[in-house]
Amino acid sequence: MQAITVRDRDAGLAGMSLTDMPYPHAAENDVIVRVHAAGFTPGELDWPGTWTDRAGRDRTPSVPGHELSGVVVQLGYGTTGLSVEQRVFGLADWTRNGTLAEYTAVEARNLAPLPADIDHTLAAALPISGLTAWQGLFDHGRLTTGQTVLIHGAAGGVGSIAVQLAREAGARVIGTGRSSDRDRALDLGVDTFLDLQTEQLEDGGEADVVFDVIGGDILDRSAALVRPGGTLVTIAMPPKVQPKDGRAVFFVVEPDRARLTDLAARLRDGRLRPVVSAVRSLGAAPAAFAPATRTRGKTIIRVTEG
């Protein structure tokens with residue numbers, strides 16, 4: 001099969017290439033998925049799991065990408081809950097070969113059934129962004145109806161989903177981003193938009209939950225915006241500054257079949273719109289990792305046509 005692989009951590013993007021790889025092995029409780037569409041996170045080449053397995057051993061050449069939508073073609077020993085020829089989507093393990101490949105092995109529990117009327121391209125945009133948004137807002141942030149949430153990067157892959165989920169939950173939403181993000185963020189449902197290039201972050205006022213995807217100075221300054229009893233949630237880095245009378249949480253997204261199923265239902269009902277900014281071929285995937293080619297929303301790799 002063909003796959004995008006990385007072999008040399010020091011080579012960066014120059015070390016990514018489209019190569020021939022052996023067909024994957026289905027371990028116990030695995031399925032093999034023929035990948036139709038895949039998603040990735042631009043910073044994956046900095047993740048330890050891209051280069052080593054759970055025991056810390058080198059596993060190169062490795063395949064990046066951790067979001068997928070496709071069709072089950074093989075079941076591993078003991079696998080239940082899914083069947084051959086079933087459409088699925090979900091989240092691949094961080095320390096195994098990923099989804100930028102024609103076929104990949106995934107733990108069955110990390111996948112959810114995909115309804116026939118949802119396009120693979122849209123489905124591949126949901127796993128990381130959708131689960132991260134939900135877990136950040138509700139599992140860690142404990143956001144409830146009537147509260148105010150400040151969402152950084154409101155027009156991005158995670159932020160755009162978080163805005164929609166927060167609005168549906170009955171929260172007031174403050175979104176941040178660049179000036180070019182304003183119209184998209186307002187269309188998604190933010191009540192107030194702050195341009196981080198021209199406006200003061202503090203002008204947005206306090207919030208019950210602050211959801212950060214940026215890190216750095218923005219994360220540090222966000223701690224002062226958390227109301228007493230509120231929560232600062234970040235996926236960027238462990239926070240250095242704590243809210244005075246609140247909590248600070250750093251987390252890494254976890255697979256959740258039930259939540260994926262819920263997100264797919266919201267997509268079918270028109271209650272959720274993933275922001276897909278670009279669709280590229282598998283051969284063009286290395287270029288899509290380059291900072292100069294990044295776009296607002298998700299870039300999806302179409303692996304299998306049809």
# chains A, B, ... in the order shown; residues from 1 in each chain; ligands from 1

call {"tool": "closest_atom_pairs", "arguments": {"of": "segment 165-187 of chain A", "to": "segment 270-279 of chain A", "cutoff": "10 Å", "atoms": "only C-alpha atoms", "output": "Markdown table"}}
result
| residue | atom | partner | partner_atom | distance |
| --- | --- | --- | --- | --- |
| A:Leu165 | CA | A:Leu272 | CA | 7.8 |
| A:Glu168 | CA | A:Arg271 | CA | 8.2 |
| A:Arg184 | CA | A:Val275 | CA | 9.5 |

call {"tool": "write_last_selection", "arguments": {"atoms": "C-alpha atoms", "output": "mmCIF file, in the first residue's frame"}}
result
data_model
loop_
_atom_site.group_PDB
_atom_site.id
_atom_site.type_symbol
_atom_site.label_atom_id
_atom_site.label_comp_id
_atom_site.auth_asym_id
_atom_site.auth_seq_id
_atom_site.Cartn_x
_atom_site.Cartn_y
_atom_site.Cartn_z
ATOM 1 C CA LEU A 165 -21.478 23.291 20.693
ATOM 2 C CA GLU A 168 -26.365 24.961 21.300
ATOM 3 C CA ARG A 184 -16.591 33.269 9.823
#

call {"tool": "residues_around", "arguments": {"residues": "Val249 of chain A", "least_positions_apart": "3", "cutoff": "10 Å", "atoms": "only C-alpha atoms", "output": "list of chain:residue names"}}
result
A:Gly136, A:His140, A:Gly141, A:Phe211, A:Thr231, A:Leu232, A:Val233, A:Thr234, A:Ile235, A:Met237, A:Pro238, A:Pro239, A:Gln242

call {"tool": "write_last_selection", "arguments": {"atoms": "N, CA and C atoms", "output": "PDB file, in the first residue's frame"}}
result
ATOM      1  N   GLY A 136     -13.242  19.610  26.150  1.00  0.00           N
ATOM      2  CA  GLY A 136     -12.768  20.855  26.743  1.00  0.00           C
ATOM      3  C   GLY A 136     -13.887  21.669  27.363  1.00  0.00           C
ATOM      4  N   HIS A 140     -14.199  18.977  30.980  1.00  0.00           N
ATOM      5  CA  HIS A 140     -13.212  19.689  31.799  1.00  0.00           C
ATOM      6  C   HIS A 140     -13.683  21.082  32.210  1.00  0.00           C
ATOM      7  N   GLY A 141     -14.335  21.801  31.306  1.00  0.00           N
ATOM      8  CA  GLY A 141     -14.782  23.155  31.624  1.00  0.00           C
ATOM      9  C   GLY A 141     -16.095  23.218  32.372  1.00  0.00           C
ATOM     10  N   PHE A 211     -11.415  28.725  26.875  1.00  0.00           N
ATOM     11  CA  PHE A 211     -10.923  27.557  26.138  1.00  0.00           C
ATOM     12  C   PHE A 211      -9.803  28.025  25.217  1.00  0.00           C
ATOM     13  N   THR A 231     -13.144  28.044  34.999  1.00  0.00           N
ATOM     14  CA  THR A 231     -12.088  27.133  34.568  1.00  0.00           C
ATOM     15  C   THR A 231     -11.376  27.647  33.326  1.00  0.00           C
ATOM     16  N   LEU A 232     -10.056  27.590  33.360  1.00  0.00           N
ATOM     17  CA  LEU A 232      -9.228  27.823  32.184  1.00  0.00           C
ATOM     18  C   LEU A 232      -8.843  26.456  31.630  1.00  0.00           C
ATOM     19  N   VAL A 233      -9.243  26.177  30.386  1.00  0.00           N
ATOM     20  CA  VAL A 233      -8.972  24.889  29.749  1.00  0.00           C
ATOM     21  C   VAL A 233      -8.051  25.130  28.565  1.00  0.00           C
ATOM     22  N   THR A 234      -6.995  24.341  28.448  1.00  0.00           N
ATOM     23  CA  THR A 234      -6.076  24.508  27.334  1.00  0.00           C
ATOM     24  C   THR A 234      -5.627  23.164  26.790  1.00  0.00           C
ATOM     25  N   ILE A 235      -5.402  23.129  25.468  1.00  0.00           N
ATOM     26  CA  ILE A 235      -4.816  21.950  24.830  1.00  0.00           C
ATOM     27  C   ILE A 235      -3.409  22.268  24.322  1.00  0.00           C
ATOM     28  N   MET A 237      -0.563  23.689  26.168  1.00  0.00           N
ATOM     29  CA  MET A 237       0.565  23.397  27.059  1.00  0.00           C
ATOM     30  C   MET A 237       0.069  23.513  28.487  1.00  0.00           C
ATOM     31  N   PRO A 238       0.751  22.893  29.453  1.00  0.00           N
ATOM     32  CA  PRO A 238       0.361  23.094  30.852  1.00  0.00           C
ATOM     33  C   PRO A 238       0.446  24.571  31.221  1.00  0.00           C
ATOM     34  N   PRO A 239      -0.594  25.135  31.807  1.00  0.00           N
ATOM     35  CA  PRO A 239      -0.598  26.572  32.100  1.00  0.00           C
ATOM     36  C   PRO A 239       0.379  26.942  33.207  1.00  0.00           C
ATOM     37  N   GLN A 242      -2.205  30.473  37.018  1.00  0.00           N
ATOM     38  CA  GLN A 242      -3.467  29.901  37.481  1.00  0.00           C
ATOM     39  C   GLN A 242      -4.501  31.016  37.695  1.00  0.00           C
TER      40      GLN A 242
END

call {"tool": "atom_distance", "arguments": {"atom1": "atom CA of Gly81 of chain A", "atom2": "atom CA of Arg59 of chain A"}}
result
29.3 Å

call {"tool": "closest_atom_pairs", "arguments": {"of": "segment 1-90 of chain A", "to": "segment 115-118 of chain A", "cutoff": "10 Å", "atoms": "only C-alpha atoms", "output": "tab-separated table"}}
result
residue	atom	partner	partner_atom	distance
A:Gln86	CA	A:Pro115	CA	9.5
A:Arg87	CA	A:Pro115	CA	7.2
A:Val88	CA	A:Pro115	CA	8.2
A:Phe89	CA	A:Pro115	CA	9.8

call {"tool": "write_last_selection", "arguments": {"atoms": "N, CA, C and O atoms", "output": "short mmCIF file (atom, residue, chain, number, x, y, z; two decimals), in the first residue's frame"}}
result
data_model
loop_
_atom_site.label_atom_id
_atom_site.label_comp_id
_atom_site.auth_asym_id
_atom_site.auth_seq_id
_atom_site.Cartn_x
_atom_site.Cartn_y
_atom_site.Cartn_z
N GLN A 86 -18.35 -2.10 6.85
CA GLN A 86 -19.05 -1.04 7.57
C GLN A 86 -18.29 0.28 7.43
O GLN A 86 -17.07 0.33 7.53
N ARG A 87 -19.02 1.36 7.20
CA ARG A 87 -18.44 2.70 7.16
C ARG A 87 -18.18 3.17 8.58
O ARG A 87 -19.05 3.06 9.45
N VAL A 88 -16.98 3.70 8.83
CA VAL A 88 -16.60 4.12 10.17
C VAL A 88 -15.78 5.41 10.11
O VAL A 88 -15.26 5.78 9.05
N PHE A 89 -15.67 6.06 11.25
CA PHE A 89 -14.76 7.19 11.38
C PHE A 89 -14.28 7.24 12.82
O PHE A 89 -14.91 6.66 13.72
#

call {"tool": "residues_around", "arguments": {"residues": "Arg259 of chain A", "least_positions_apart": "2", "cutoff": "10 Å", "atoms": "only C-alpha atoms", "output": "PyMOL selection string"}}
result
chain A and resi 112+127+130-131+134-135+255-257+261-265

call {"tool": "residues_around", "arguments": {"residues": "Phe193 of chain A", "least_positions_apart": "2", "cutoff": "6 Å", "atoms": "only C-alpha atoms", "output": "VMD selection string"}}
result
chain A and resid 174 to 176

call {"tool": "closest_residue", "arguments": {"among": "A:Leu122, A:Met21, A:Arg296, A:Val210", "to": "Gly156 of chain A", "atoms": "only C-alpha atoms"}}
result
A:Arg296

call {"tool": "atom_distance", "arguments": {"atom1": "atom CA of Arg221 of chain A", "atom2": "atom CA of Thr144 of chain A"}}
result
23.5 Å

call {"tool": "residues_around", "arguments": {"residues": "segment 198-205 of chain A", "least_positions_apart": "5", "cutoff": "12 Å", "atoms": "only C-alpha atoms", "output": "number ranges by chain"}}
result
A: 148-152, 172-180, 191-193, 210, 217-227

call {"tool": "write_last_selection", "arguments": {"atoms": "C-alpha atoms", "output": "mmCIF file, in the first residue's frame"}}
result
data_model
loop_
_atom_site.group_PDB
_atom_site.id
_atom_site.type_symbol
_atom_site.label_atom_id
_atom_site.label_comp_id
_atom_site.auth_asym_id
_atom_site.auth_seq_id
_atom_site.Cartn_x
_atom_site.Cartn_y
_atom_site.Cartn_z
ATOM 1 C CA THR A 148 -20.109 32.742 29.268
ATOM 2 C CA VAL A 149 -17.276 31.009 27.429
ATOM 3 C CA LEU A 150 -14.302 32.647 25.733
ATOM 4 C CA ILE A 151 -12.973 30.518 22.865
ATOM 5 C CA HIS A 152 -9.589 31.322 21.361
ATOM 6 C CA ARG A 172 -22.836 33.204 25.592
ATOM 7 C CA VAL A 173 -19.778 32.933 23.344
ATOM 8 C CA ILE A 174 -16.841 35.316 23.014
ATOM 9 C CA GLY A 175 -14.538 34.327 20.165
ATOM 10 C CA THR A 176 -11.024 35.479 19.341
ATOM 11 C CA GLY A 177 -8.871 35.318 16.249
ATOM 12 C CA ARG A 178 -7.436 37.468 13.492
ATOM 13 C CA SER A 179 -9.348 40.124 11.596
ATOM 14 C CA SER A 180 -9.797 37.741 8.665
ATOM 15 C CA ASP A 191 -21.838 36.842 20.299
ATOM 16 C CA THR A 192 -18.683 38.965 20.491
ATOM 17 C CA PHE A 193 -15.489 38.711 18.428
ATOM 18 C CA VAL A 210 -11.847 30.101 28.835
ATOM 19 C CA ASP A 217 1.219 34.822 26.209
ATOM 20 C CA ILE A 218 -2.454 34.426 25.280
ATOM 21 C CA LEU A 219 -2.766 31.502 27.691
ATOM 22 C CA ASP A 220 -0.981 33.400 30.471
ATOM 23 C CA ARG A 221 -3.206 36.469 30.073
ATOM 24 C CA SER A 222 -6.348 34.370 29.870
ATOM 25 C CA ALA A 223 -6.027 33.244 33.494
ATOM 26 C CA ALA A 224 -7.070 36.722 34.683
ATOM 27 C CA LEU A 225 -10.283 36.495 32.640
ATOM 28 C CA VAL A 226 -11.682 33.487 34.522
ATOM 29 C CA ARG A 227 -14.515 34.324 36.883
#

call {"tool": "residues_around", "arguments": {"residues": "Thr50 of chain A", "least_positions_apart": "3", "cutoff": "7 Å", "atoms": "only C-alpha atoms", "output": "PyMOL selection string"}}
result
chain A and resi 44-45+47+62+64+95

call {"tool": "atom_distance", "arguments": {"atom1": "atom CA of Val63 of chain A", "atom2": "atom CA of Gly49 of chain A"}}
result
10.7 Å

call {"tool": "closest_residue", "arguments": {"among": "A:Val71, A:Ala101, A:Ala55, A:Val190", "to": "Ala38 of chain A", "atoms": "only C-alpha atoms"}}
result
A:Ala101

call {"tool": "select_by_dssp", "arguments": {"residues": "segment 13-216 of chain A", "states": "alpha helix (DSSP H)", "output": "PyMOL selection string"}}
result
chain A and resi 120-124+127-134+157-168+182-188+216

call {"tool": "closest_residue", "arguments": {"among": "A:Val158, A:Ala14, A:Ala166, A:Ala27", "to": "Ala290 of chain A", "atoms": "only C-alpha atoms"}}
result
A:Ala14

call {"tool": "closest_residue", "arguments": {"among": "A:Gly90, A:Gly170, A:Ala37, A:Gln147", "to": "Ala207 of chain A", "atoms": "only C-alpha atoms"}}
result
A:Gln147

call {"tool": "decode", "arguments": {"residues": "segment 128-156 of chain A", "atoms": "N, CA, C and O atoms", "output": "PDB file, in the first residue's frame"}}
result
ATOM      1  N   ILE A 128     -10.773  14.628  16.004  1.00  0.00           N
ATOM      2  CA  ILE A 128      -9.966  15.401  16.949  1.00  0.00           C
ATOM      3  C   ILE A 128     -10.663  16.706  17.325  1.00  0.00           C
ATOM      4  O   ILE A 128     -10.799  17.035  18.504  1.00  0.00           O
ATOM      5  N   SER A 129     -11.121  17.452  16.327  1.00  0.00           N
ATOM      6  CA  SER A 129     -11.744  18.749  16.616  1.00  0.00           C
ATOM      7  C   SER A 129     -13.015  18.593  17.434  1.00  0.00           C
ATOM      8  O   SER A 129     -13.241  19.316  18.412  1.00  0.00           O
ATOM      9  N   GLY A 130     -13.855  17.644  17.038  1.00  0.00           N
ATOM     10  CA  GLY A 130     -15.127  17.464  17.730  1.00  0.00           C
ATOM     11  C   GLY A 130     -14.962  16.958  19.146  1.00  0.00           C
ATOM     12  O   GLY A 130     -15.567  17.485  20.094  1.00  0.00           O
ATOM     13  N   LEU A 131     -14.141  15.919  19.327  1.00  0.00           N
ATOM     14  CA  LEU A 131     -13.932  15.377  20.668  1.00  0.00           C
ATOM     15  C   LEU A 131     -13.195  16.364  21.561  1.00  0.00           C
ATOM     16  O   LEU A 131     -13.506  16.502  22.752  1.00  0.00           O
ATOM     17  N   THR A 132     -12.211  17.070  21.003  1.00  0.00           N
ATOM     18  CA  THR A 132     -11.487  18.060  21.796  1.00  0.00           C
ATOM     19  C   THR A 132     -12.421  19.171  22.254  1.00  0.00           C
ATOM     20  O   THR A 132     -12.386  19.595  23.424  1.00  0.00           O
ATOM     21  N   ALA A 133     -13.246  19.652  21.350  1.00  0.00           N
ATOM     22  CA  ALA A 133     -14.177  20.722  21.701  1.00  0.00           C
ATOM     23  C   ALA A 133     -15.141  20.275  22.792  1.00  0.00           C
ATOM     24  O   ALA A 133     -15.372  20.994  23.775  1.00  0.00           O
ATOM     25  N   TRP A 134     -15.713  19.085  22.631  1.00  0.00           N
ATOM     26  CA  TRP A 134     -16.674  18.598  23.629  1.00  0.00           C
ATOM     27  C   TRP A 134     -16.012  18.390  24.980  1.00  0.00           C
ATOM     28  O   TRP A 134     -16.518  18.852  26.012  1.00  0.00           O
ATOM     29  N   GLN A 135     -14.894  17.676  24.991  1.00  0.00           N
ATOM     30  CA  GLN A 135     -14.230  17.377  26.256  1.00  0.00           C
ATOM     31  C   GLN A 135     -13.731  18.637  26.935  1.00  0.00           C
ATOM     32  O   GLN A 135     -13.797  18.762  28.170  1.00  0.00           O
ATOM     33  N   GLY A 136     -13.242  19.610  26.150  1.00  0.00           N
ATOM     34  CA  GLY A 136     -12.768  20.855  26.743  1.00  0.00           C
ATOM     35  C   GLY A 136     -13.887  21.669  27.363  1.00  0.00           C
ATOM     36  O   GLY A 136     -13.756  22.185  28.479  1.00  0.00           O
ATOM     37  N   LEU A 137     -14.991  21.784  26.649  1.00  0.00           N
ATOM     38  CA  LEU A 137     -16.103  22.606  27.129  1.00  0.00           C
ATOM     39  C   LEU A 137     -16.846  21.968  28.295  1.00  0.00           C
ATOM     40  O   LEU A 137     -17.108  22.625  29.317  1.00  0.00           O
ATOM     41  N   PHE A 138     -17.193  20.690  28.153  1.00  0.00           N
ATOM     42  CA  PHE A 138     -18.142  20.079  29.074  1.00  0.00           C
ATOM     43  C   PHE A 138     -17.513  19.116  30.082  1.00  0.00           C
ATOM     44  O   PHE A 138     -17.868  19.147  31.258  1.00  0.00           O
ATOM     45  N   ASP A 139     -16.588  18.274  29.642  1.00  0.00           N
ATOM     46  CA  ASP A 139     -15.969  17.341  30.586  1.00  0.00           C
ATOM     47  C   ASP A 139     -15.007  18.061  31.527  1.00  0.00           C
ATOM     48  O   ASP A 139     -14.986  17.791  32.729  1.00  0.00           O
ATOM     49  N   HIS A 140     -14.199  18.977  30.980  1.00  0.00           N
ATOM     50  CA  HIS A 140     -13.212  19.689  31.799  1.00  0.00           C
ATOM     51  C   HIS A 140     -13.683  21.082  32.210  1.00  0.00           C
ATOM     52  O   HIS A 140     -13.448  21.502  33.344  1.00  0.00           O
ATOM     53  N   GLY A 141     -14.335  21.801  31.306  1.00  0.00           N
ATOM     54  CA  GLY A 141     -14.782  23.155  31.624  1.00  0.00           C
ATOM     55  C   GLY A 141     -16.095  23.218  32.372  1.00  0.00           C
ATOM     56  O   GLY A 141     -16.419  24.253  32.961  1.00  0.00           O
ATOM     57  N   ARG A 142     -16.881  22.137  32.308  1.00  0.00           N
ATOM     58  CA  ARG A 142     -18.175  22.067  33.014  1.00  0.00           C
ATOM     59  C   ARG A 142     -19.104  23.208  32.616  1.00  0.00           C
ATOM     60  O   ARG A 142     -19.839  23.767  33.441  1.00  0.00           O
ATOM     61  N   LEU A 143     -19.066  23.568  31.348  1.00  0.00           N
ATOM     62  CA  LEU A 143     -19.900  24.658  30.843  1.00  0.00           C
ATOM     63  C   LEU A 143     -21.377  24.288  30.918  1.00  0.00           C
ATOM     64  O   LEU A 143     -21.766  23.169  30.552  1.00  0.00           O
ATOM     65  N   THR A 144     -22.199  25.229  31.368  1.00  0.00           N
ATOM     66  CA  THR A 144     -23.637  25.000  31.467  1.00  0.00           C
ATOM     67  C   THR A 144     -24.406  26.166  30.847  1.00  0.00           C
ATOM     68  O   THR A 144     -23.846  27.229  30.566  1.00  0.00           O
ATOM     69  N   THR A 145     -25.693  25.966  30.671  1.00  0.00           N
ATOM     70  CA  THR A 145     -26.579  26.975  30.094  1.00  0.00           C
ATOM     71  C   THR A 145     -26.507  28.286  30.881  1.00  0.00           C
ATOM     72  O   THR A 145     -26.513  28.284  32.111  1.00  0.00           O
ATOM     73  N   GLY A 146     -26.422  29.395  30.140  1.00  0.00           N
ATOM     74  CA  GLY A 146     -26.406  30.709  30.762  1.00  0.00           C
ATOM     75  C   GLY A 146     -25.037  31.225  31.120  1.00  0.00           C
ATOM     76  O   GLY A 146     -24.894  32.404  31.468  1.00  0.00           O
ATOM     77  N   GLN A 147     -24.013  30.385  31.037  1.00  0.00           N
ATOM     78  CA  GLN A 147     -22.663  30.835  31.337  1.00  0.00           C
ATOM     79  C   GLN A 147     -22.028  31.501  30.119  1.00  0.00           C
ATOM     80  O   GLN A 147     -22.559  31.438  29.014  1.00  0.00           O
ATOM     81  N   THR A 148     -20.877  32.111  30.344  1.00  0.00           N
ATOM     82  CA  THR A 148     -20.109  32.742  29.268  1.00  0.00           C
ATOM     83  C   THR A 148     -18.823  31.965  29.056  1.00  0.00           C
ATOM     84  O   THR A 148     -18.127  31.609  30.012  1.00  0.00           O
ATOM     85  N   VAL A 149     -18.510  31.690  27.777  1.00  0.00           N
ATOM     86  CA  VAL A 149     -17.276  31.009  27.429  1.00  0.00           C
ATOM     87  C   VAL A 149     -16.497  31.857  26.441  1.00  0.00           C
ATOM     88  O   VAL A 149     -17.061  32.438  25.521  1.00  0.00           O
ATOM     89  N   LEU A 150     -15.197  31.977  26.672  1.00  0.00           N
ATOM     90  CA  LEU A 150     -14.302  32.647  25.733  1.00  0.00           C
ATOM     91  C   LEU A 150     -13.512  31.564  25.009  1.00  0.00           C
ATOM     92  O   LEU A 150     -12.840  30.754  25.646  1.00  0.00           O
ATOM     93  N   ILE A 151     -13.612  31.556  23.676  1.00  0.00           N
ATOM     94  CA  ILE A 151     -12.973  30.518  22.865  1.00  0.00           C
ATOM     95  C   ILE A 151     -11.923  31.161  21.977  1.00  0.00           C
ATOM     96  O   ILE A 151     -12.244  31.957  21.081  1.00  0.00           O
ATOM     97  N   HIS A 152     -10.665  30.828  22.216  1.00  0.00           N
ATOM     98  CA  HIS A 152      -9.589  31.322  21.361  1.00  0.00           C
ATOM     99  C   HIS A 152      -9.556  30.514  20.060  1.00  0.00           C
ATOM    100  O   HIS A 152      -9.847  29.321  20.041  1.00  0.00           O
ATOM    101  N   GLY A 153      -9.177  31.193  18.974  1.00  0.00           N
ATOM    102  CA  GLY A 153      -9.146  30.510  17.686  1.00  0.00           C
ATOM    103  C   GLY A 153     -10.523  30.062  17.252  1.00  0.00           C
ATOM    104  O   GLY A 153     -10.716  28.932  16.792  1.00  0.00           O
ATOM    105  N   ALA A 154     -11.499  30.962  17.347  1.00  0.00           N
ATOM    106  CA  ALA A 154     -12.902  30.593  17.151  1.00  0.00           C
ATOM    107  C   ALA A 154     -13.235  30.153  15.737  1.00  0.00           C
ATOM    108  O   ALA A 154     -14.273  29.522  15.516  1.00  0.00           O
ATOM    109  N   ALA A 155     -12.390  30.472  14.760  1.00  0.00           N
ATOM    110  CA  ALA A 155     -12.666  30.068  13.385  1.00  0.00           C
ATOM    111  C   ALA A 155     -11.829  28.862  12.957  1.00  0.00           C
ATOM    112  O   ALA A 155     -11.929  28.417  11.813  1.00  0.00           O
ATOM    113  N   GLY A 156     -11.017  28.323  13.862  1.00  0.00           N
ATOM    114  CA  GLY A 156     -10.156  27.197  13.531  1.00  0.00           C
ATOM    115  C   GLY A 156     -10.863  25.857  13.645  1.00  0.00           C
ATOM    116  O   GLY A 156     -12.069  25.789  13.899  1.00  0.00           O
TER     117      GLY A 156
END
